[in-house]
Structures are given as C-alpha cells and as structure tokens.
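File shown here: input01.pdb, holding PDB, C-alpha atoms, pLDDT in the B column.
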```
ATOM      1  CA  GLY A  30     -33.350 -69.068   7.171  1.00 77.00           C
ATOM      2  CA  GLN A  31     -30.418 -67.046   5.948  1.00 87.00           C
ATOM      3  CA  SER A  32     -30.307 -65.593   2.440  1.00 93.00           C
ATOM      4  CA  LEU A  33     -27.526 -63.795   0.582  1.00 96.00           C
ATOM      5  CA  GLU A  34     -28.259 -62.928  -3.029  1.00 97.00           C
ATOM      6  CA  GLN A  35     -25.637 -62.031  -5.597  1.00 98.00           C
ATOM      7  CA  PRO A  36     -25.519 -62.409  -9.388  1.00 97.00           C
ATOM      8  CA  SER A  37     -24.219 -65.779 -10.527  1.00 97.00           C
ATOM      9  CA  GLU A  38     -22.015 -64.365 -13.280  1.00 97.00           C
ATOM     10  CA  VAL A  39     -20.664 -61.023 -14.434  1.00 98.00           C
ATOM     11  CA  THR A  40     -18.560 -60.259 -17.502  1.00 97.00           C
ATOM     12  CA  ALA A  41     -16.357 -57.195 -17.937  1.00 97.00           C
ATOM     13  CA  VAL A  42     -13.493 -55.968 -20.068  1.00 97.00           C
ATOM     14  CA  GLU A  43      -9.881 -55.683 -18.955  1.00 97.00           C
ATOM     15  CA  GLY A  44      -9.182 -52.201 -17.628  1.00 97.00           C
ATOM     16  CA  ALA A  45     -12.836 -51.474 -16.899  1.00 98.00           C
ATOM     17  CA  ILE A  46     -14.773 -51.179 -13.633  1.00 98.00           C
ATOM     18  CA  VAL A  47     -17.251 -53.759 -12.358  1.00 98.00           C
ATOM     19  CA  GLN A  48     -19.657 -53.775  -9.425  1.00 98.00           C
ATOM     20  CA  ILE A  49     -20.900 -56.961  -7.756  1.00 98.00           C
ATOM     21  CA  ASN A  50     -23.999 -56.522  -5.632  1.00 98.00           C
ATOM     22  CA  CYS A  51     -25.112 -58.440  -2.584  1.00 98.00           C
ATOM     23  CA  THR A  52     -28.387 -58.284  -0.708  1.00 98.00           C
ATOM     24  CA  TYR A  53     -28.896 -60.206   2.486  1.00 97.00           C
ATOM     25  CA  GLN A  54     -31.652 -61.377   4.797  1.00 96.00           C
ATOM     26  CA  THR A  55     -30.201 -62.913   7.920  1.00 94.00           C
ATOM     27  CA  SER A  56     -31.355 -63.396  11.493  1.00 91.00           C
ATOM     28  CA  GLY A  57     -28.295 -61.504  12.717  1.00 91.00           C
ATOM     29  CA  PHE A  58     -25.883 -59.016  11.210  1.00 94.00           C
ATOM     30  CA  TYR A  59     -22.599 -57.668  12.481  1.00 93.00           C
ATOM     31  CA  GLY A  60     -20.698 -56.981   9.277  1.00 94.00           C
ATOM     32  CA  LEU A  61     -20.313 -57.808   5.594  1.00 96.00           C
ATOM     33  CA  SER A  62     -17.170 -59.321   4.109  1.00 96.00           C
ATOM     34  CA  TRP A  63     -16.012 -60.112   0.598  1.00 97.00           C
ATOM     35  CA  TYR A  64     -13.831 -63.055  -0.416  1.00 97.00           C
ATOM     36  CA  GLN A  65     -12.133 -63.984  -3.659  1.00 98.00           C
ATOM     37  CA  GLN A  66     -11.643 -67.563  -4.805  1.00 98.00           C
ATOM     38  CA  HIS A  67      -9.678 -68.681  -7.847  1.00 97.00           C
ATOM     39  CA  ASP A  68     -10.445 -72.062  -9.389  1.00 95.00           C
ATOM     40  CA  GLY A  69      -8.967 -74.798  -7.245  1.00 93.00           C
ATOM     41  CA  GLY A  70      -7.918 -72.342  -4.557  1.00 95.00           C
ATOM     42  CA  ALA A  71      -9.094 -71.344  -1.111  1.00 96.00           C
ATOM     43  CA  PRO A  72     -11.257 -68.273  -0.468  1.00 97.00           C
ATOM     44  CA  THR A  73      -9.159 -65.261   0.494  1.00 97.00           C
ATOM     45  CA  PHE A  74     -10.346 -62.207   2.372  1.00 95.00           C
ATOM     46  CA  LEU A  75     -10.752 -58.934   0.468  1.00 96.00           C
ATOM     47  CA  SER A  76     -12.644 -56.503   2.678  1.00 94.00           C
ATOM     48  CA  TYR A  77     -14.960 -56.024   5.642  1.00 93.00           C
ATOM     49  CA  ASN A  78     -17.637 -53.400   6.341  1.00 95.00           C
ATOM     50  CA  ALA A  79     -19.230 -53.053   9.742  1.00 92.00           C
ATOM     51  CA  LEU A  80     -20.498 -49.502   9.239  1.00 94.00           C
ATOM     52  CA  ASP A  81     -22.355 -47.826   6.379  1.00 97.00           C
ATOM     53  CA  GLY A  82     -20.193 -46.355   3.693  1.00 97.00           C
ATOM     54  CA  LEU A  83     -17.332 -47.110   1.381  1.00 97.00           C
ATOM     55  CA  GLU A  84     -14.087 -48.851   2.294  1.00 94.00           C
ATOM     56  CA  GLU A  85     -11.242 -48.614  -0.215  1.00 94.00           C
ATOM     57  CA  THR A  86      -8.297 -50.982  -0.480  1.00 89.00           C
ATOM     58  CA  GLY A  87      -6.250 -50.357  -3.593  1.00 93.00           C
ATOM     59  CA  ARG A  88      -8.219 -51.289  -6.715  1.00 96.00           C
ATOM     60  CA  PHE A  89     -10.992 -52.839  -4.627  1.00 96.00           C
ATOM     61  CA  SER A  90     -13.692 -50.957  -2.709  1.00 97.00           C
ATOM     62  CA  SER A  91     -16.626 -52.274  -0.726  1.00 98.00           C
ATOM     63  CA  PHE A  92     -19.815 -50.511   0.253  1.00 98.00           C
ATOM     64  CA  LEU A  93     -22.451 -51.246   2.878  1.00 98.00           C
ATOM     65  CA  SER A  94     -25.923 -49.893   3.567  1.00 98.00           C
ATOM     66  CA  ARG A  95     -27.300 -51.553   6.693  1.00 97.00           C
ATOM     67  CA  SER A  96     -30.717 -49.941   6.302  1.00 96.00           C
ATOM     68  CA  ASP A  97     -31.055 -51.477   2.820  1.00 97.00           C
ATOM     69  CA  SER A  98     -29.402 -54.798   3.746  1.00 97.00           C
ATOM     70  CA  TYR A  99     -27.216 -54.232   0.713  1.00 97.00           C
ATOM     71  CA  GLY A 100     -23.584 -54.069  -0.172  1.00 98.00           C
ATOM     72  CA  TYR A 101     -21.363 -54.165  -3.191  1.00 98.00           C
ATOM     73  CA  LEU A 102     -17.799 -54.859  -4.214  1.00 98.00           C
ATOM     74  CA  LEU A 103     -16.264 -52.501  -6.759  1.00 98.00           C
ATOM     75  CA  LEU A 104     -13.263 -53.630  -8.752  1.00 98.00           C
ATOM     76  CA  GLN A 105     -11.391 -50.996 -10.761  1.00 97.00           C
ATOM     77  CA  GLU A 106      -8.760 -51.246 -13.487  1.00 97.00           C
ATOM     78  CA  LEU A 107      -9.652 -54.872 -14.035  1.00 98.00           C
ATOM     79  CA  GLN A 108      -6.820 -57.268 -14.738  1.00 97.00           C
ATOM     80  CA  MET A 109      -7.026 -60.775 -16.174  1.00 97.00           C
ATOM     81  CA  LYS A 110      -5.882 -62.163 -12.816  1.00 97.00           C
ATOM     82  CA  ASP A 111      -9.109 -60.807 -11.273  1.00 98.00           C
ATOM     83  CA  SER A 112     -11.011 -63.588 -13.054  1.00 98.00           C
ATOM     84  CA  ALA A 113     -12.345 -65.543 -10.098  1.00 98.00           C
ATOM     85  CA  SER A 114     -15.426 -66.117  -7.978  1.00 98.00           C
ATOM     86  CA  TYR A 115     -16.380 -63.449  -5.446  1.00 98.00           C
ATOM     87  CA  PHE A 116     -18.442 -64.182  -2.351  1.00 98.00           C
ATOM     88  CA  CYS A 117     -20.206 -61.842   0.001  1.00 98.00           C
ATOM     89  CA  ALA A 118     -20.391 -63.135   3.562  1.00 97.00           C
ATOM     90  CA  VAL A 119     -22.285 -62.015   6.647  1.00 96.00           C
ATOM     91  CA  LEU A 120     -20.765 -62.139  10.121  1.00 92.00           C
ATOM     92  CA  MET A 121     -23.876 -62.952  12.140  1.00 90.00           C
ATOM     93  CA  ASN A 122     -22.723 -61.433  15.395  1.00 85.00           C
ATOM     94  CA  ARG A 123     -19.498 -60.544  17.125  1.00 80.00           C
ATOM     95  CA  ASP A 124     -17.614 -63.812  17.657  1.00 75.00           C
ATOM     96  CA  ASP A 125     -20.176 -65.746  15.638  1.00 84.00           C
ATOM     97  CA  LYS A 126     -20.475 -67.774  12.464  1.00 90.00           C
ATOM     98  CA  ILE A 127     -19.957 -66.411   8.943  1.00 93.00           C
ATOM     99  CA  ILE A 128     -22.532 -67.218   6.261  1.00 95.00           C
ATOM    100  CA  PHE A 129     -21.538 -67.071   2.585  1.00 96.00           C
ATOM    101  CA  GLY A 130     -23.473 -66.264  -0.554  1.00 96.00           C
ATOM    102  CA  LYS A 131     -23.403 -68.580  -3.569  1.00 96.00           C
ATOM    103  CA  GLY A 132     -20.795 -66.475  -5.314  1.00 97.00           C
ATOM    104  CA  THR A 133     -20.424 -64.393  -8.469  1.00 98.00           C
ATOM    105  CA  ARG A 134     -18.231 -65.714 -11.219  1.00 98.00           C
ATOM    106  CA  LEU A 135     -16.335 -62.800 -12.805  1.00 98.00           C
ATOM    107  CA  HIS A 136     -15.233 -63.281 -16.413  1.00 97.00           C
ATOM    108  CA  ILE A 137     -12.797 -60.749 -17.834  1.00 97.00           C
ATOM    109  CA  LEU A 138     -12.422 -60.258 -21.569  1.00 96.00           C
ATOM    110  CA  PRO A 139      -9.196 -58.938 -23.084  1.00 94.00           C
TER     111      PRO A 139
ATOM    112  CA  GLY B   8       2.105 -72.927  11.367  1.00 55.00           C
ATOM    113  CA  ALA B   9       1.942 -70.007   8.998  1.00 82.00           C
ATOM    114  CA  GLY B  10      -1.497 -70.853   7.646  1.00 95.00           C
ATOM    115  CA  VAL B  11      -4.449 -73.180   8.073  1.00 97.00           C
ATOM    116  CA  SER B  12      -3.464 -76.727   7.242  1.00 98.00           C
ATOM    117  CA  GLN B  13      -5.920 -79.403   6.178  1.00 98.00           C
ATOM    118  CA  THR B  14      -5.191 -83.080   5.735  1.00 98.00           C
ATOM    119  CA  PRO B  15      -5.586 -85.077   3.648  1.00 98.00           C
ATOM    120  CA  SER B  16      -5.812 -82.861   0.577  1.00 97.00           C
ATOM    121  CA  ASN B  17      -7.706 -85.598  -1.240  1.00 98.00           C
ATOM    122  CA  LYS B  18      -9.674 -88.526   0.088  1.00 98.00           C
ATOM    123  CA  VAL B  19     -11.449 -91.211  -1.909  1.00 98.00           C
ATOM    124  CA  THR B  20     -13.626 -93.564   0.076  1.00 98.00           C
ATOM    125  CA  GLU B  21     -16.252 -96.171  -0.571  1.00 98.00           C
ATOM    126  CA  LYS B  22     -19.884 -95.574   0.186  1.00 98.00           C
ATOM    127  CA  GLY B  23     -20.689 -96.567   3.741  1.00 98.00           C
ATOM    128  CA  LYS B  24     -17.177 -96.028   5.101  1.00 98.00           C
ATOM    129  CA  TYR B  25     -16.104 -93.687   7.899  1.00 98.00           C
ATOM    130  CA  VAL B  26     -13.774 -90.732   7.235  1.00 98.00           C
ATOM    131  CA  GLU B  27     -11.950 -88.163   9.334  1.00 98.00           C
ATOM    132  CA  LEU B  28     -10.812 -84.812   8.008  1.00 98.00           C
ATOM    133  CA  ARG B  29      -8.277 -82.817   9.981  1.00 98.00           C
ATOM    134  CA  CYS B  30      -7.811 -79.079  10.340  1.00 98.00           C
ATOM    135  CA  ASP B  31      -4.854 -77.372  11.989  1.00 98.00           C
ATOM    136  CA  PRO B  32      -5.716 -73.675  12.417  1.00 96.00           C
ATOM    137  CA  ILE B  33      -3.426 -70.702  12.697  1.00 94.00           C
ATOM    138  CA  SER B  34      -1.776 -70.685  16.108  1.00 93.00           C
ATOM    139  CA  GLY B  35      -3.698 -68.573  18.598  1.00 90.00           C
ATOM    140  CA  HIS B  36      -6.916 -68.415  16.590  1.00 92.00           C
ATOM    141  CA  THR B  37      -9.813 -69.228  18.877  1.00 91.00           C
ATOM    142  CA  ALA B  38     -12.518 -69.381  16.213  1.00 92.00           C
ATOM    143  CA  LEU B  39     -12.644 -72.331  13.809  1.00 95.00           C
ATOM    144  CA  TYR B  40     -15.185 -72.964  11.056  1.00 96.00           C
ATOM    145  CA  TRP B  41     -15.990 -75.936   8.851  1.00 98.00           C
ATOM    146  CA  TYR B  42     -17.646 -75.433   5.473  1.00 98.00           C
ATOM    147  CA  ARG B  43     -18.595 -77.704   2.600  1.00 98.00           C
ATOM    148  CA  GLN B  44     -18.312 -76.456  -0.968  1.00 97.00           C
ATOM    149  CA  SER B  45     -19.720 -78.106  -4.073  1.00 96.00           C
ATOM    150  CA  LEU B  46     -18.654 -77.120  -7.570  1.00 92.00           C
ATOM    151  CA  GLY B  47     -19.956 -73.692  -8.526  1.00 91.00           C
ATOM    152  CA  GLN B  48     -21.438 -73.029  -5.100  1.00 94.00           C
ATOM    153  CA  GLY B  49     -20.477 -70.930  -2.126  1.00 95.00           C
ATOM    154  CA  PRO B  50     -19.072 -72.373   1.093  1.00 96.00           C
ATOM    155  CA  GLU B  51     -21.945 -73.950   3.024  1.00 97.00           C
ATOM    156  CA  PHE B  52     -21.666 -73.477   6.774  1.00 96.00           C
ATOM    157  CA  LEU B  53     -21.382 -76.672   8.825  1.00 97.00           C
ATOM    158  CA  ILE B  54     -20.113 -75.886  12.320  1.00 97.00           C
ATOM    159  CA  TYR B  55     -18.373 -73.137  14.279  1.00 95.00           C
ATOM    160  CA  PHE B  56     -16.091 -73.576  17.296  1.00 95.00           C
ATOM    161  CA  GLN B  57     -15.146 -70.924  19.803  1.00 91.00           C
ATOM    162  CA  GLY B  58     -12.317 -72.524  21.740  1.00 90.00           C
ATOM    163  CA  THR B  59     -13.089 -76.147  22.526  1.00 90.00           C
ATOM    164  CA  GLY B  60     -16.852 -75.913  22.323  1.00 89.00           C
ATOM    165  CA  ALA B  61     -19.116 -76.036  19.303  1.00 88.00           C
ATOM    166  CA  ALA B  62     -20.791 -72.623  19.494  1.00 89.00           C
ATOM    167  CA  ASP B  63     -23.033 -73.389  16.524  1.00 93.00           C
ATOM    168  CA  ASP B  64     -23.502 -76.762  14.810  1.00 95.00           C
ATOM    169  CA  SER B  65     -26.727 -75.856  13.038  1.00 94.00           C
ATOM    170  CA  GLY B  66     -25.203 -76.471   9.606  1.00 95.00           C
ATOM    171  CA  LEU B  67     -24.400 -80.131  10.102  1.00 97.00           C
ATOM    172  CA  PRO B  68     -26.721 -81.877   7.622  1.00 96.00           C
ATOM    173  CA  ASN B  69     -27.534 -84.910   9.776  1.00 96.00           C
ATOM    174  CA  ASP B  70     -26.236 -87.050  12.633  1.00 96.00           C
ATOM    175  CA  ARG B  71     -23.685 -88.784  10.391  1.00 98.00           C
ATOM    176  CA  PHE B  72     -21.582 -85.618  10.677  1.00 98.00           C
ATOM    177  CA  PHE B  73     -19.710 -84.742  13.843  1.00 97.00           C
ATOM    178  CA  ALA B  74     -16.776 -82.489  14.674  1.00 97.00           C
ATOM    179  CA  VAL B  75     -14.514 -82.090  17.668  1.00 97.00           C
ATOM    180  CA  ARG B  76     -11.852 -79.695  18.856  1.00 96.00           C
ATOM    181  CA  PRO B  77     -10.751 -81.192  22.167  1.00 94.00           C
ATOM    182  CA  GLU B  78      -7.860 -78.861  23.012  1.00 93.00           C
ATOM    183  CA  GLY B  79      -9.063 -75.722  21.292  1.00 91.00           C
ATOM    184  CA  SER B  80      -6.625 -76.054  18.417  1.00 94.00           C
ATOM    185  CA  VAL B  81      -6.781 -78.940  15.931  1.00 97.00           C
ATOM    186  CA  SER B  82     -10.247 -79.968  14.811  1.00 98.00           C
ATOM    187  CA  THR B  83     -11.486 -83.172  13.216  1.00 98.00           C
ATOM    188  CA  LEU B  84     -14.611 -83.480  11.094  1.00 98.00           C
ATOM    189  CA  LYS B  85     -15.967 -87.011  11.190  1.00 98.00           C
ATOM    190  CA  ILE B  86     -18.403 -88.464   8.693  1.00 98.00           C
ATOM    191  CA  GLN B  87     -19.995 -91.858   9.303  1.00 98.00           C
ATOM    192  CA  ARG B  88     -21.607 -94.132   6.708  1.00 98.00           C
ATOM    193  CA  THR B  89     -20.533 -91.863   3.868  1.00 98.00           C
ATOM    194  CA  GLU B  90     -22.877 -91.346   0.935  1.00 98.00           C
ATOM    195  CA  ARG B  91     -22.133 -90.252  -2.622  1.00 97.00           C
ATOM    196  CA  GLY B  92     -23.881 -86.958  -1.874  1.00 97.00           C
ATOM    197  CA  ASP B  93     -21.189 -86.177   0.707  1.00 98.00           C
ATOM    198  CA  SER B  94     -18.672 -85.703  -2.112  1.00 98.00           C
ATOM    199  CA  ALA B  95     -17.449 -82.104  -1.967  1.00 98.00           C
ATOM    200  CA  VAL B  96     -14.526 -79.954  -0.884  1.00 98.00           C
ATOM    201  CA  TYR B  97     -14.489 -79.538   2.887  1.00 98.00           C
ATOM    202  CA  LEU B  98     -12.984 -76.216   3.902  1.00 98.00           C
ATOM    203  CA  CYS B  99     -11.717 -75.200   7.301  1.00 98.00           C
ATOM    204  CA  ALA B 100     -11.124 -71.609   8.353  1.00 97.00           C
ATOM    205  CA  SER B 101      -9.899 -69.916  11.490  1.00 95.00           C
ATOM    206  CA  SER B 102      -9.993 -66.379  12.803  1.00 92.00           C
ATOM    207  CA  SER B 103      -8.804 -64.345  15.713  1.00 86.00           C
ATOM    208  CA  THR B 104     -11.975 -63.145  17.411  1.00 71.00           C
ATOM    209  CA  GLY B 105     -12.338 -60.057  19.499  1.00 62.00           C
ATOM    210  CA  THR B 106     -11.181 -57.798  16.679  1.00 57.00           C
ATOM    211  CA  GLU B 107     -13.355 -55.543  14.554  1.00 57.00           C
ATOM    212  CA  ASN B 108     -11.820 -56.583  11.262  1.00 53.00           C
ATOM    213  CA  THR B 109     -12.879 -60.208  11.357  1.00 77.00           C
ATOM    214  CA  GLU B 110     -11.009 -62.018   8.616  1.00 89.00           C
ATOM    215  CA  ALA B 111     -11.317 -65.764   8.225  1.00 93.00           C
ATOM    216  CA  PHE B 112      -8.252 -67.590   6.907  1.00 95.00           C
ATOM    217  CA  PHE B 113      -9.036 -70.682   4.880  1.00 97.00           C
ATOM    218  CA  GLY B 114      -7.107 -73.866   4.341  1.00 97.00           C
ATOM    219  CA  GLN B 115      -6.778 -75.413   0.891  1.00 97.00           C
ATOM    220  CA  GLY B 116      -9.519 -77.892   1.704  1.00 98.00           C
ATOM    221  CA  THR B 117      -9.973 -81.637   1.577  1.00 98.00           C
ATOM    222  CA  ARG B 118     -11.574 -82.954  -1.604  1.00 98.00           C
ATOM    223  CA  LEU B 119     -13.733 -85.881  -0.528  1.00 98.00           C
ATOM    224  CA  THR B 120     -14.957 -88.300  -3.175  1.00 98.00           C
ATOM    225  CA  VAL B 121     -17.340 -91.062  -2.189  1.00 98.00           C
ATOM    226  CA  VAL B 122     -17.539 -93.848  -4.773  1.00 97.00           C
TER     227      VAL B 122
END
```
Using the file provided, produce a representation of the structure as structure tokens.
Amino acid sequence: GQSLEQPSEVTAVEGAIVQINCTYQTSGFYGLSWYQQHDGGAPTFLSYNALDGLEETGRFSSFLSRSDSYGYLLLQELQMKDSASYFCAVLMNRDDKIIFGKGTRLHILP
Amino acid sequence: GAGVSQTPSNKVTEKGKYVELRCDPISGHTALYWYRQSLGQGPEFLIYFQGTGAADDSGLPNDRFFAVRPEGSVSTLKIQRTERGDSAVYLCASSSTGTENTEAFFGQGTRLTVV
C-alpha cells in the first residue's frame, strides 16, 4: 500500500515560520508536491521537488530528501490568509498517478 | 476553458439511484485524475486517465464505480446503486504530462449527497 504521513494539525503565530513535515512509503516515487486547500475550495499547487534539496518560491520553500523518504514545506512570514490545509503528494512515476497525504490543518493565531 | 470545470457543483440523490459526474479538463491536458474527498481528509485517488485510456483504476472502491473518457477530453464518473457512504466531494484534476514540473489543476468539485 501507499503511505504518506503528515501531522494532522499545526498552530503558529502570524509573522512566524512554520514547517510541515511529510514522510512517505510508496511503491514508486518520481517527485513530491505540495498543495494548499482553503475550506470549501479546490487544492492548488504550491511546489514540486524531483531532486534532493530546497526549492524556494516567495514565502514558501519545499525540501526533499529521497534517501530519507522525507520532505517538508516551510512557510515564512505567516499571514492569516495562510490558514488552510496543506497536502503533500507523491507523483508515482513520470506520467503516472498522484497520491495525496491526509493533510495538515494550519491554524494561525494573531 | 480557462480551468477545470466540474458539473454539477452539487448533487443530491436517493440511495440506490445512478449518478453521473462530469469533468471538463483544461484544453490540451492529456492526464486526468478523479479523487474523492471526505471532510477533513486528503483527496483519495480513484482513477487516472492518460488520453482515452484508464492507465490506473486501482482506486475505484468497487464495481459500482466506473469512469470513461471516450475522446480524451471530457470525463464522466458514473456511480451505480449509490449508497450513503458514497457521499463526499468528488474532485477532478488535469495536468499536462511530459513536463518535469508536474502540476495538477483541480476543479471545484461535485458535492455528492446520498440520502
């Protein structure tokens, strides 16, 4: 079976930094993605890592270690609008299905 | 269209009835995915199309669920003899394969309620 583990909830303060971890055990692996979903909305793409290392896109960064089957999403300078659910997702192979984790609910306190 | 379109946005049906959910992907996207999402959970994989063929249907929960994509564009998810446990948001996504930065674009989903 396929397994992606991430914390169910994380709480942080506005303006701070938060890291959301993801570990995976899947029968295939091509890359790791992160998606954001606001209540009632559709998941939207944030980042993708195919190689080890850190990818930075504005306030968001994503890291991958293939040898550890581990990645994380780093959100800096948190804003209230970042309150949402965040999903890690594994692309099983090139031109293949994408499997999602159960999601991390991020609560931001003023 | 500009994005992935799913219709209807909401569907209420009686237990035992048949329903069809439609997905119109982004033009030119060859990959199409169906997911099911329950409250507080992540998208659960159902089926993946590459062009007209179902490349992977391992997520379909049982033979009451079926999906087609006859011309490699619009897809229909069909559920027979609906059960209350089928109630969920059904999400469709599409992507342009063959690129390294594989981003899936999601529709707003169809909220299915079986009463």
List every residue of segment 59-129 of chain A that has an atom at most 9 Å from any atom of segment 25-44 of chain B, giving for each one its closest atom pair and the distance in Å to one decimal, counting only C-alpha atoms, sorted by chain and then by ascending residue number, as CSV.
```
residue,atom,partner,partner_atom,distance
A:Asp124,CA,B:Ala38,CA,7.7
A:Asp125,CA,B:Ala38,CA,8.5
A:Lys126,CA,B:Tyr40,CA,7.5
A:Ile127,CA,B:Tyr40,CA,8.4
```
Give me the residues near Tyr64 of chain A as a list in words, where near means some atom within 10 Å (using all atoms listed in the file) and where sequence neighbours in that chain fewer than 4 positions away do not count.
Ala71, Pro72, Thr73, Phe74, Leu75, Ser76, Tyr77, Leu102, Ser114, Tyr115, Phe116, Cys117, Ala118, Phe129 and Gly132 of chain A; Glu110 and Ala111 of chain B
So what does the ChimeraX specification (/A :<12) & /B actually pick up in this one, as a ChimeraX atom specification?
/B:10-13,16,36-58,61-66,96-118
Next, the residues of the selection above should be written as a PDB file, keeping the file's coordinate frame with C-alpha atoms.
```pdb
ATOM      1  CA  GLY B  10      -1.497 -70.853   7.646  1.00 95.00           C
ATOM      2  CA  VAL B  11      -4.449 -73.180   8.073  1.00 97.00           C
ATOM      3  CA  SER B  12      -3.464 -76.727   7.242  1.00 98.00           C
ATOM      4  CA  GLN B  13      -5.920 -79.403   6.178  1.00 98.00           C
ATOM      5  CA  SER B  16      -5.812 -82.861   0.577  1.00 97.00           C
ATOM      6  CA  HIS B  36      -6.916 -68.415  16.590  1.00 92.00           C
ATOM      7  CA  THR B  37      -9.813 -69.228  18.877  1.00 91.00           C
ATOM      8  CA  ALA B  38     -12.518 -69.381  16.213  1.00 92.00           C
ATOM      9  CA  LEU B  39     -12.644 -72.331  13.809  1.00 95.00           C
ATOM     10  CA  TYR B  40     -15.185 -72.964  11.056  1.00 96.00           C
ATOM     11  CA  TRP B  41     -15.990 -75.936   8.851  1.00 98.00           C
ATOM     12  CA  TYR B  42     -17.646 -75.433   5.473  1.00 98.00           C
ATOM     13  CA  ARG B  43     -18.595 -77.704   2.600  1.00 98.00           C
ATOM     14  CA  GLN B  44     -18.312 -76.456  -0.968  1.00 97.00           C
ATOM     15  CA  SER B  45     -19.720 -78.106  -4.073  1.00 96.00           C
ATOM     16  CA  LEU B  46     -18.654 -77.120  -7.570  1.00 92.00           C
ATOM     17  CA  GLY B  47     -19.956 -73.692  -8.526  1.00 91.00           C
ATOM     18  CA  GLN B  48     -21.438 -73.029  -5.100  1.00 94.00           C
ATOM     19  CA  GLY B  49     -20.477 -70.930  -2.126  1.00 95.00           C
ATOM     20  CA  PRO B  50     -19.072 -72.373   1.093  1.00 96.00           C
ATOM     21  CA  GLU B  51     -21.945 -73.950   3.024  1.00 97.00           C
ATOM     22  CA  PHE B  52     -21.666 -73.477   6.774  1.00 96.00           C
ATOM     23  CA  LEU B  53     -21.382 -76.672   8.825  1.00 97.00           C
ATOM     24  CA  ILE B  54     -20.113 -75.886  12.320  1.00 97.00           C
ATOM     25  CA  TYR B  55     -18.373 -73.137  14.279  1.00 95.00           C
ATOM     26  CA  PHE B  56     -16.091 -73.576  17.296  1.00 95.00           C
ATOM     27  CA  GLN B  57     -15.146 -70.924  19.803  1.00 91.00           C
ATOM     28  CA  GLY B  58     -12.317 -72.524  21.740  1.00 90.00           C
ATOM     29  CA  ALA B  61     -19.116 -76.036  19.303  1.00 88.00           C
ATOM     30  CA  ALA B  62     -20.791 -72.623  19.494  1.00 89.00           C
ATOM     31  CA  ASP B  63     -23.033 -73.389  16.524  1.00 93.00           C
ATOM     32  CA  ASP B  64     -23.502 -76.762  14.810  1.00 95.00           C
ATOM     33  CA  SER B  65     -26.727 -75.856  13.038  1.00 94.00           C
ATOM     34  CA  GLY B  66     -25.203 -76.471   9.606  1.00 95.00           C
ATOM     35  CA  VAL B  96     -14.526 -79.954  -0.884  1.00 98.00           C
ATOM     36  CA  TYR B  97     -14.489 -79.538   2.887  1.00 98.00           C
ATOM     37  CA  LEU B  98     -12.984 -76.216   3.902  1.00 98.00           C
ATOM     38  CA  CYS B  99     -11.717 -75.200   7.301  1.00 98.00           C
ATOM     39  CA  ALA B 100     -11.124 -71.609   8.353  1.00 97.00           C
ATOM     40  CA  SER B 101      -9.899 -69.916  11.490  1.00 95.00           C
ATOM     41  CA  SER B 102      -9.993 -66.379  12.803  1.00 92.00           C
ATOM     42  CA  SER B 103      -8.804 -64.345  15.713  1.00 86.00           C
ATOM     43  CA  THR B 104     -11.975 -63.145  17.411  1.00 71.00           C
ATOM     44  CA  GLY B 105     -12.338 -60.057  19.499  1.00 62.00           C
ATOM     45  CA  THR B 106     -11.181 -57.798  16.679  1.00 57.00           C
ATOM     46  CA  GLU B 107     -13.355 -55.543  14.554  1.00 57.00           C
ATOM     47  CA  ASN B 108     -11.820 -56.583  11.262  1.00 53.00           C
ATOM     48  CA  THR B 109     -12.879 -60.208  11.357  1.00 77.00           C
ATOM     49  CA  GLU B 110     -11.009 -62.018   8.616  1.00 89.00           C
ATOM     50  CA  ALA B 111     -11.317 -65.764   8.225  1.00 93.00           C
ATOM     51  CA  PHE B 112      -8.252 -67.590   6.907  1.00 95.00           C
ATOM     52  CA  PHE B 113      -9.036 -70.682   4.880  1.00 97.00           C
ATOM     53  CA  GLY B 114      -7.107 -73.866   4.341  1.00 97.00           C
ATOM     54  CA  GLN B 115      -6.778 -75.413   0.891  1.00 97.00           C
ATOM     55  CA  GLY B 116      -9.519 -77.892   1.704  1.00 98.00           C
ATOM     56  CA  THR B 117      -9.973 -81.637   1.577  1.00 98.00           C
ATOM     57  CA  ARG B 118     -11.574 -82.954  -1.604  1.00 98.00           C
TER      58      ARG B 118
END
```
Work out how far atom CA of Gly100 of chain A is from atom CA of Glu84 of chain A, in Å to one decimal.
11.1 Å
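With only C-alpha atoms as the atoms that count, the residue of A:Asn122, A:Ser91, A:Gln35, A:Gln108 with the shortest distance to Ile137 of chain A is A:Gln108.
Distances here use all atoms listed in the file; by that measure, the residue among A:Ala113, A:His136, A:Val42, A:Val119 closest to Gln65 of chain A is A:Ala113.
Using all atoms listed in the file, the nearest neighbour of Gln48 of chain A within the list A:Gly30, A:Pro36, A:Gly87, A:Ser96 is A:Pro36.
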Go ahead and find all residues with at least one atom no further than 8 Å from (-9.0, -65.3, -18.3) in the file's coordinates, using all atoms listed in the file; report them as a VMD selection string.
chain A and resid 109 to 110 112 136 to 139
I'd like the interatomic distance between atom CA of Val75 of chain B and atom CA of Gly60 of chain B, to a tenth of an Å.
8.1 Å
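In this model, the gap between atom CA of Thr55 of chain A and atom CA of Tyr99 of chain A comes to 11.7 Å.
Once the PyMOL selection byres ((chain A and resi 93) around 6) is applied to the depicted file, the selected set reads Asp81, Gly82, Phe92, Ser94 and Gly100 of chain A.
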Show me, as a PyMOL selection string, the residues that have an atom within 9 Å of Lys24 of chain B when counting only C-alpha atoms, minus same-chain residues fewer than 4 positions from it.
chain B and resi 20+86-90+121
Axis-aligned box for segment 122-139 of chain A, 6 Å per side, centre and edges in Å as JSON:
```
{"center_x": -16.3, "center_y": -63.8, "center_z": -2.7, "size_x": 26.3, "size_y": 21.6, "size_z": 52.7}
```
Please rebuild segment 76-82 of chain A with N, CA and C atoms and give the result as a short mmCIF file (atom, residue, chain, number, x, y, z; two decimals), in the frame of the given file.
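Contents of result.cif, as written:
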```cif
data_model
loop_
_atom_site.label_atom_id
_atom_site.label_comp_id
_atom_site.auth_asym_id
_atom_site.auth_seq_id
_atom_site.Cartn_x
_atom_site.Cartn_y
_atom_site.Cartn_z
N SER A 76 -12.23 -57.70 1.96
CA SER A 76 -12.64 -56.50 2.68
C SER A 76 -13.73 -56.83 3.70
N TYR A 77 -13.95 -55.87 4.60
CA TYR A 77 -14.96 -56.02 5.64
C TYR A 77 -15.57 -54.66 5.93
N ASN A 78 -16.91 -54.62 5.98
CA ASN A 78 -17.64 -53.40 6.34
C ASN A 78 -18.53 -53.70 7.54
N ALA A 79 -18.32 -52.95 8.61
CA ALA A 79 -19.23 -53.05 9.74
C ALA A 79 -20.17 -51.85 9.78
N LEU A 80 -19.71 -50.73 9.24
CA LEU A 80 -20.50 -49.50 9.24
C LEU A 80 -20.89 -49.12 7.82
N ASP A 81 -21.94 -48.31 7.70
CA ASP A 81 -22.36 -47.83 6.38
C ASP A 81 -21.23 -47.03 5.73
N GLY A 82 -21.15 -47.16 4.42
CA GLY A 82 -20.19 -46.36 3.69
C GLY A 82 -19.26 -47.20 2.87
#
```
